[in-house]
Amino acid sequence: MAEKKNAKFLTYRGMPLVRCGNTLYYGNMGDPYVVMLQILSTKQVEDLNVTNRVFVLLLNNDPNINPKDKIVQKGEKYSLYQAIDLASVWLTRALEQSK
């Protein structure tokens, strides 16, 4: 029988932050809402690629909702920090209202 591994995720303000390529998901997947952050472009600063455009989507996690209706809020930010900070505010408010 396969053993379950306790996965440890990077967290921001107590919520998991998971990256897959240029897409980041912020929040618990079992909660009613989650935020998707899509990195649209980066720029080269010395030896590093720095994100300079991020699309932020607050999504409803209800599987019975039409995919077009899952988007609750959307916006664009010009740094990853600003995008994650906005995601944290949106997600916190949405989760508080869903209780």
# chains A, B, ... in the order shown; residues from 1 in each chain; ligands from 1
>>> residues_around(residues="Leu24 of chain A", least_positions_apart="5", cutoff="12 Å", atoms="only C-alpha atoms", output="VMD selection string")
chain A and resid 10 to 11 16 to 19 34 to 40 54 to 57 80 83 to 84 87
>>> write_last_selection(atoms="C-alpha atoms", output="PDB file, in the first residue's frame")
ATOM      1  CA  LEU A  10       5.795  27.437   0.573  1.00  0.00           C
ATOM      2  CA  THR A  11       3.340  29.706   2.374  1.00  0.00           C
ATOM      3  CA  PRO A  16       0.020  27.669   0.509  1.00  0.00           C
ATOM      4  CA  LEU A  17       1.694  29.086  -2.596  1.00  0.00           C
ATOM      5  CA  VAL A  18       2.350  26.489  -5.317  1.00  0.00           C
ATOM      6  CA  ARG A  19       4.096  27.145  -8.637  1.00  0.00           C
ATOM      7  CA  VAL A  34      -8.383  30.121  -4.629  1.00  0.00           C
ATOM      8  CA  VAL A  35      -6.244  32.650  -6.498  1.00  0.00           C
ATOM      9  CA  MET A  36      -4.411  31.905  -9.742  1.00  0.00           C
ATOM     10  CA  LEU A  37      -1.475  34.136 -10.672  1.00  0.00           C
ATOM     11  CA  GLN A  38      -0.193  33.953 -14.232  1.00  0.00           C
ATOM     12  CA  ILE A  39       3.230  35.405 -15.014  1.00  0.00           C
ATOM     13  CA  LEU A  40       2.808  37.173 -18.349  1.00  0.00           C
ATOM     14  CA  VAL A  54       1.249  39.238 -13.536  1.00  0.00           C
ATOM     15  CA  PHE A  55      -2.438  38.462 -14.202  1.00  0.00           C
ATOM     16  CA  VAL A  56      -4.391  37.766 -10.991  1.00  0.00           C
ATOM     17  CA  LEU A  57      -7.653  35.765 -10.895  1.00  0.00           C
ATOM     18  CA  LEU A  80       5.118  39.541  -8.306  1.00  0.00           C
ATOM     19  CA  ALA A  83       0.281  40.485  -7.269  1.00  0.00           C
ATOM     20  CA  ILE A  84       0.690  38.135  -4.297  1.00  0.00           C
ATOM     21  CA  ALA A  87      -4.158  37.898  -4.010  1.00  0.00           C
TER      22      ALA A  87
END
>>> closest_residue(among="A:Thr92, A:Asn52, A:Asn66, A:Gln73", to="Tyr12 of chain A", atoms="only C-alpha atoms")
A:Thr92
>>> select_by_dssp(residues="segment 53-89 of chain A", states="alpha helix (DSSP H)", output="list of chain:residue names")
A:Leu80, A:Tyr81, A:Gln82, A:Ala83, A:Ile84, A:Asp85, A:Leu86, A:Ala87, A:Ser88, A:Val89
>>> write_last_selection(atoms="N, CA and C atoms", output="PDB file, in the first residue's frame")
ATOM      1  N   LEU A  80       5.630  40.755  -8.947  1.00  0.00           N
ATOM      2  CA  LEU A  80       5.118  39.541  -8.306  1.00  0.00           C
ATOM      3  C   LEU A  80       4.683  39.835  -6.881  1.00  0.00           C
ATOM      4  N   TYR A  81       5.437  40.675  -6.170  1.00  0.00           N
ATOM      5  CA  TYR A  81       5.064  41.003  -4.793  1.00  0.00           C
ATOM      6  C   TYR A  81       3.695  41.684  -4.751  1.00  0.00           C
ATOM      7  N   GLN A  82       3.467  42.678  -5.615  1.00  0.00           N
ATOM      8  CA  GLN A  82       2.176  43.363  -5.640  1.00  0.00           C
ATOM      9  C   GLN A  82       1.049  42.385  -5.965  1.00  0.00           C
ATOM     10  N   ALA A  83       1.300  41.458  -6.876  1.00  0.00           N
ATOM     11  CA  ALA A  83       0.281  40.485  -7.269  1.00  0.00           C
ATOM     12  C   ALA A  83      -0.058  39.539  -6.119  1.00  0.00           C
ATOM     13  N   ILE A  84       0.940  39.050  -5.416  1.00  0.00           N
ATOM     14  CA  ILE A  84       0.690  38.135  -4.297  1.00  0.00           C
ATOM     15  C   ILE A  84       0.017  38.876  -3.144  1.00  0.00           C
ATOM     16  N   ASP A  85       0.402  40.112  -2.932  1.00  0.00           N
ATOM     17  CA  ASP A  85      -0.230  40.912  -1.885  1.00  0.00           C
ATOM     18  C   ASP A  85      -1.706  41.143  -2.200  1.00  0.00           C
ATOM     19  N   LEU A  86      -2.018  41.482  -3.441  1.00  0.00           N
ATOM     20  CA  LEU A  86      -3.406  41.641  -3.868  1.00  0.00           C
ATOM     21  C   LEU A  86      -4.167  40.325  -3.726  1.00  0.00           C
ATOM     22  N   ALA A  87      -3.539  39.226  -4.120  1.00  0.00           N
ATOM     23  CA  ALA A  87      -4.158  37.898  -4.010  1.00  0.00           C
ATOM     24  C   ALA A  87      -4.512  37.584  -2.563  1.00  0.00           C
ATOM     25  N   SER A  88      -3.635  37.940  -1.647  1.00  0.00           N
ATOM     26  CA  SER A  88      -3.876  37.688  -0.230  1.00  0.00           C
ATOM     27  C   SER A  88      -5.100  38.458   0.263  1.00  0.00           C
ATOM     28  N   VAL A  89      -5.218  39.712  -0.132  1.00  0.00           N
ATOM     29  CA  VAL A  89      -6.368  40.530   0.285  1.00  0.00           C
ATOM     30  C   VAL A  89      -7.659  39.962  -0.300  1.00  0.00           C
TER      31      VAL A  89
END
>>> closest_residue(among="A:Leu95, A:Val50, A:Val45, A:Met29", to="Tyr78 of chain A", atoms="only C-alpha atoms")
A:Val50
>>> select_by_dssp(residues="chain A", states="strand (DSSP E)", output="PyMOL selection string")
chain A and resi 10-12+15-20+23-26+33-45+48-60+71-77
